[in-house]
$ cat data_25.cif   # mmCIF, C-alpha atoms and all ligand atoms
data_data
loop_
_atom_site.label_atom_id
_atom_site.label_comp_id
_atom_site.auth_asym_id
_atom_site.auth_seq_id
_atom_site.Cartn_x
_atom_site.Cartn_y
_atom_site.Cartn_z
CA MET A 78 122.15 163.55 141.42
CA SER A 79 121.65 165.92 138.49
CA LYS A 80 125.23 166.98 137.80
CA ALA A 81 126.86 163.69 138.69
CA LEU A 82 130.12 162.57 137.18
CA LEU A 83 129.84 160.36 134.07
CA PRO A 84 132.13 157.61 132.72
CA PRO A 85 134.75 158.49 130.07
CA THR A 86 133.44 156.34 127.19
CA ALA A 87 130.39 157.19 125.06
CA LYS A 88 128.86 153.77 125.65
CA GLY A 89 129.53 154.03 129.37
CA ARG A 90 127.81 157.41 129.49
CA LYS A 91 124.78 156.07 127.61
CA TYR A 92 124.40 153.12 130.00
CA GLU A 93 124.95 155.37 133.00
CA GLN A 94 122.14 157.72 131.89
CA GLU A 95 119.75 154.77 131.55
CA ALA A 96 120.84 153.50 134.95
CA ARG A 97 120.22 156.91 136.53
CA LYS A 98 116.68 156.98 135.17
CA ILE A 99 116.03 153.62 136.80
CA ARG A 100 117.57 154.77 140.08
CA SER A 101 115.45 157.89 140.19
CA PHE A 102 112.35 155.81 139.32
CA ALA A 103 113.27 153.69 142.34
CA GLY A 104 113.18 156.87 144.42
CA LEU A 105 116.89 156.98 145.20
CA LYS A 106 118.23 160.43 145.91
CA ARG A 107 121.93 159.97 146.55
CA GLU A 108 124.41 158.53 144.08
CA ASP A 109 125.61 156.07 146.71
CA ASP A 110 122.18 154.84 147.85
CA PRO A 111 122.04 151.05 147.47
CA LEU A 112 119.40 149.83 145.01
CA ASP A 113 117.17 146.87 145.86
CA PRO A 114 116.17 145.01 142.68
CA PHE A 115 113.60 142.98 144.63
CA ALA A 116 111.70 146.20 145.38
CA LEU A 117 111.88 147.18 141.71
CA ALA A 118 110.84 143.83 140.22
CA PRO A 119 107.05 144.28 140.70
CA TYR A 120 107.19 147.60 138.79
CA ALA A 121 108.76 145.73 135.89
CA GLY A 122 105.90 143.21 136.10
CA LEU A 123 108.23 140.51 137.36
CA LEU A 124 107.22 137.94 139.90
CA VAL A 125 110.20 136.34 141.61
CA VAL A 126 109.46 132.81 142.78
CA ASP A 127 111.47 130.46 144.88
CA PHE A 128 113.01 127.60 142.92
CA ASN A 129 111.57 125.14 145.43
CA GLN A 130 108.05 126.32 144.63
CA ILE A 131 108.26 125.11 141.04
CA GLU A 132 106.08 122.09 140.57
CA GLY A 133 106.39 119.49 137.86
CA LEU A 134 110.18 119.34 137.77
CA SER A 135 111.44 115.78 137.80
CA GLU A 136 113.74 114.79 140.65
CA GLN A 137 116.43 114.30 138.04
CA ALA A 138 116.02 117.80 136.59
CA ARG A 139 115.95 119.31 140.06
CA ALA A 140 119.07 117.43 141.09
CA HIS A 141 120.87 118.55 137.95
CA LEU A 142 119.89 122.24 138.24
CA LEU A 143 121.05 122.34 141.85
CA GLY A 144 124.01 120.00 141.42
CA ASP A 145 126.33 119.68 138.43
CA GLY A 146 124.27 122.14 136.43
CA ALA A 147 124.08 124.80 139.14
CA LYS A 148 127.08 126.68 137.79
CA ASP A 149 125.45 126.94 134.34
CA TRP A 150 122.56 129.21 135.19
CA SER A 151 121.96 132.24 137.35
CA GLY A 152 118.34 132.98 136.62
CA GLY A 153 115.54 132.55 134.18
CA THR A 154 112.55 134.59 133.09
CA PHE A 155 109.51 133.09 131.49
CA THR A 156 108.91 135.90 129.06
CA ARG A 157 105.46 134.65 128.16
CA PRO A 158 103.29 136.44 130.74
CA LEU A 159 101.14 134.69 133.31
CA PRO A 160 97.36 135.23 133.10
CA ASN A 161 97.75 138.19 135.48
CA GLY A 162 100.26 139.80 133.11
CA ARG A 163 103.25 139.13 135.31
CA GLN A 164 106.42 137.44 134.12
CA LEU A 165 107.91 134.72 136.24
CA VAL A 166 111.56 134.97 137.33
CA ILE A 167 113.43 132.14 138.99
CA LEU A 168 116.78 132.68 140.65
CA ASN A 169 119.35 129.99 141.28
CA PRO A 170 119.05 129.14 144.99
CA LYS A 171 122.68 127.97 144.99
CA HIS A 172 123.82 131.52 144.36
CA GLY A 173 124.09 134.09 147.11
CA HIS A 174 121.96 137.17 147.58
CA GLN A 175 124.64 139.36 146.00
CA ARG A 176 124.55 137.47 142.73
CA HIS A 177 120.76 137.42 142.81
CA HIS A 178 120.86 141.22 142.85
CA ALA A 179 122.85 141.37 139.60
CA THR A 180 120.79 138.65 137.92
CA LEU A 181 117.45 140.14 138.88
CA MET A 182 118.59 143.65 137.96
CA GLU A 183 119.42 142.40 134.48
CA GLU A 184 115.92 140.97 134.12
CA VAL A 185 114.39 144.24 135.36
CA CYS A 186 116.47 146.15 132.80
CA HIS A 187 115.29 143.98 129.90
CA VAL A 188 111.76 145.10 130.74
CA PHE A 189 112.55 148.77 131.40
CA LEU A 190 114.66 149.02 128.25
CA GLY A 191 111.86 147.49 126.18
CA HIS A 192 113.79 144.43 125.00
CA LYS A 193 111.78 141.77 123.24
CA ALA A 194 112.06 138.04 123.82
CA ASN A 195 109.71 135.17 123.21
CA LYS A 196 110.78 132.18 125.16
CA LEU A 197 112.45 131.29 128.39
CA GLU A 198 115.60 133.24 128.93
CA ILE A 199 118.41 131.42 130.64
CA THR A 200 121.26 133.61 131.73
CA LYS A 201 124.62 132.50 132.85
CA THR A 202 127.25 134.77 134.27
CA ASN A 203 130.87 133.78 134.19
CA ASP A 204 133.48 134.93 136.68
CA GLN A 205 133.96 138.23 134.89
CA GLY A 206 130.30 138.97 135.31
CA LYS A 207 129.78 138.50 131.57
CA ILE A 208 126.62 136.85 130.41
CA VAL A 209 126.13 133.89 128.18
CA ALA A 210 122.48 133.95 127.32
CA ARG A 211 119.76 133.07 124.89
CA ASP A 212 116.70 134.62 123.37
CA TYR A 213 117.66 138.25 123.58
CA ASP A 214 120.15 139.40 121.01
CA ASP A 215 123.71 140.07 122.12
CA SER A 216 123.46 143.85 122.14
CA ASP A 217 120.32 143.67 124.32
CA GLU A 218 122.12 141.30 126.69
CA GLU A 219 125.09 143.62 126.92
CA GLU A 220 122.89 146.65 127.48
CA ALA A 221 120.68 145.01 130.14
CA TYR A 222 123.64 143.72 132.11
CA ALA A 223 125.66 146.94 131.80
CA VAL A 224 122.74 149.20 132.72
CA GLY A 225 121.81 146.90 135.62
CA ALA A 226 125.39 146.94 136.89
CA ALA A 227 125.54 150.74 136.58
CA ALA A 228 122.25 151.08 138.45
CA LEU A 229 123.60 148.89 141.25
CA VAL A 230 127.05 150.52 141.36
CA PRO A 231 126.85 154.08 139.98
CA TYR A 232 129.96 155.59 138.47
CA ALA A 233 129.99 158.78 140.52
CA ALA A 234 129.77 156.86 143.79
CA LEU A 235 132.41 154.38 142.66
CA HIS A 236 134.70 157.24 141.68
CA ARG A 237 134.28 158.88 145.08
CA PHE A 238 134.66 155.66 147.05
CA ILE A 239 137.94 154.95 145.28
CA ALA A 240 139.13 158.49 146.00
CA ILE A 241 138.49 158.10 149.73
CA GLY A 242 140.33 154.78 149.80
CA LYS A 243 137.52 152.23 150.11
CA THR A 244 138.32 148.68 149.03
CA THR A 245 136.40 146.49 146.56
CA PHE A 246 135.19 144.45 149.56
CA GLN A 247 133.80 147.52 151.31
CA ILE A 248 132.16 148.86 148.15
CA ALA A 249 130.59 145.46 147.39
CA GLN A 250 129.20 145.29 150.91
CA HIS A 251 127.86 148.83 150.71
CA PHE A 252 125.89 148.14 147.51
CA GLY A 253 124.93 144.55 148.37
CA VAL A 254 126.64 143.13 145.29
CA SER A 255 129.51 140.74 144.65
CA ARG A 256 133.08 141.93 144.66
CA GLN A 257 133.30 140.65 141.09
CA LEU A 258 130.62 143.09 140.02
CA VAL A 259 132.47 145.99 141.65
CA ILE A 260 135.68 145.01 139.86
CA PHE A 261 133.76 144.66 136.58
CA ARG A 262 132.39 148.19 137.05
CA MET A 263 135.87 149.57 137.81
CA GLN A 264 137.37 147.86 134.78
CA ILE A 265 134.64 148.79 132.32
CA SER A 266 134.57 152.41 133.43
CA MET A 267 138.37 152.83 133.39
CA LEU A 268 138.68 153.29 137.16
CA TRP A 269 140.72 150.12 137.68
CA PRO A 270 144.15 151.78 137.13
CA GLU A 271 143.26 154.44 139.69
CA TYR A 272 142.16 151.74 142.13
CA LYS A 273 145.36 149.80 141.48
CA LYS A 274 147.48 152.82 142.45
CA ARG A 275 145.83 152.84 145.87
CA HIS A 276 145.64 149.10 146.47
CA PRO A 277 148.57 147.57 144.56
CA VAL A 278 148.84 144.47 146.76
CA GLU A 279 145.15 143.61 146.52
CA VAL A 280 145.15 144.03 142.73
CA GLU A 281 148.30 141.95 142.40
CA GLN A 282 146.72 139.15 144.44
CA TYR A 283 143.56 139.40 142.36
CA ASN A 284 145.51 139.15 139.10
CA LEU A 285 147.50 136.22 140.42
CA ALA A 286 144.32 134.37 141.41
CA LYS A 287 142.89 135.11 137.95
CA SER A 288 145.90 133.71 136.13
CA ARG A 289 145.92 130.65 138.39
CA GLU A 290 142.27 130.11 137.53
CA ALA A 291 142.99 130.51 133.82
CA ALA A 292 145.87 128.04 134.01
CA ARG A 293 143.67 125.54 135.83
CA SER A 294 140.89 125.70 133.25
CA PHE A 295 143.48 125.47 130.47
CA GLU A 296 144.84 122.30 132.07
CA LYS A 297 141.34 120.89 132.36
CA LEU A 298 140.79 121.64 128.68
CA ASN A 299 143.99 119.80 127.81
CA ASP A 300 143.02 116.87 130.01
CA SER A 301 139.69 116.47 128.27
CA ALA A 302 141.41 116.83 124.87
CA ASP A 303 143.72 113.98 125.97
CA ASP A 304 140.69 111.91 126.91
CA VAL A 305 139.17 112.51 123.49
CA GLY A 306 142.51 111.54 121.91
CA LYS A 307 142.61 108.31 123.91
CA ALA A 308 138.99 107.55 123.10
CA THR A 309 139.48 107.96 119.36
CA LYS A 310 142.64 105.86 119.41
CA ALA A 311 140.93 103.04 121.32
ZN ZN B 401 119.39 138.76 129.73
#
$ encode --input "data_25.cif" --output "structure tokens"
Amino acid sequence: MSKALLPPTAKGRKYEQEARKIRSFAGLKREDDPLDPFALAPYAGLLVVDFNQIEGLSEQARAHLLGDGAKDWSGGTFTRPLPNGRQLVILNPKHGHQRHHATLMEEVCHVFLGHKANKLEITKTNDQGKIVARDYDDSDEEEAYAVGAAALVPYAALHRFIAIGKTTFQIAQHFGVSRQLVIFRMQISMLWPEYKKRHPVEVEQYNLAKSREAARSFEKLNDSADDVGKATKA
């Protein structure tokens, strides 16, 4: 993968180069080889533990993290190392394997890119795949997520898959990631218009669903503003 195609933007090219280093470290030869972050995690000194193995959480905390609060976190890393030097990573068991891949890959990238953090990092991804996070600065967050996403879904492979007519569903399945992540990669690397030309109906449906979602959350926002209004009047 020495002369592979690179994204059009300078930032995209920089992230892609970092991602390619990680892919070659992982021993991947082809640009479309799927990357397994779980195989990479030990090399980054990360120890992934099952949420259910955590002791000392109150029933209330557990119920919240898996219930109402489940949508607010995707993974956490205890950046203070364990006595054996490893860092503990916990993934949200309510999320599927595909989202775990993106979350864990971001944590792996923080380590490989030499980012510094002191406390527990809580990351939250929204529907666009963007991260709301603490304890790393914003540019480190952006870099870790973008490089991780590029390592999971390389530009050259994405470009080729679009050219041969594969859908976002097929590409997501191939790389073991969510469809959202594939769309994020297409949008950020300017391949979305090309994809849209080939799959106009799918993109139209996607946009419609997005605007419905936006309208719904806008309504919710208004509803809660009404509640606040009523409360202050009472
Ligand atoms: Zn992060």
$ residues_around --input "data_25.cif" --residues "Val166 (chain A)" --least-positions-apart "3" --cutoff "6 Å" --atoms "only C-alpha atoms" --output "VMD selection string"
chain A and resid 124 to 125 153 to 154
$ closest_residue --input "data_25.cif" --among "A:Ala179, A:Ile239, A:Ala103, A:Val259" --to "ligand ZN 401 (chain B)" --atoms "all atoms listed in the file"
A:Ala179
$ atom_distance --input "data_25.cif" --atom1 "CA of Val224 (chain A)" --atom2 "CA of Arg275 (chain A)"
26.8 Å
$ closest_residue --input "data_25.cif" --among "A:His172, A:Arg256, A:Lys98, A:Lys287" --to "Thr244 (chain A)" --atoms "only C-alpha atoms"
A:Arg256
$ closest_residue --input "data_25.cif" --among "A:Ala147, A:Ala116, A:Ala223, A:Ala87" --to "ligand ZN 401 (chain B)" --atoms "only C-alpha atoms and all ligand atoms"
A:Ala223
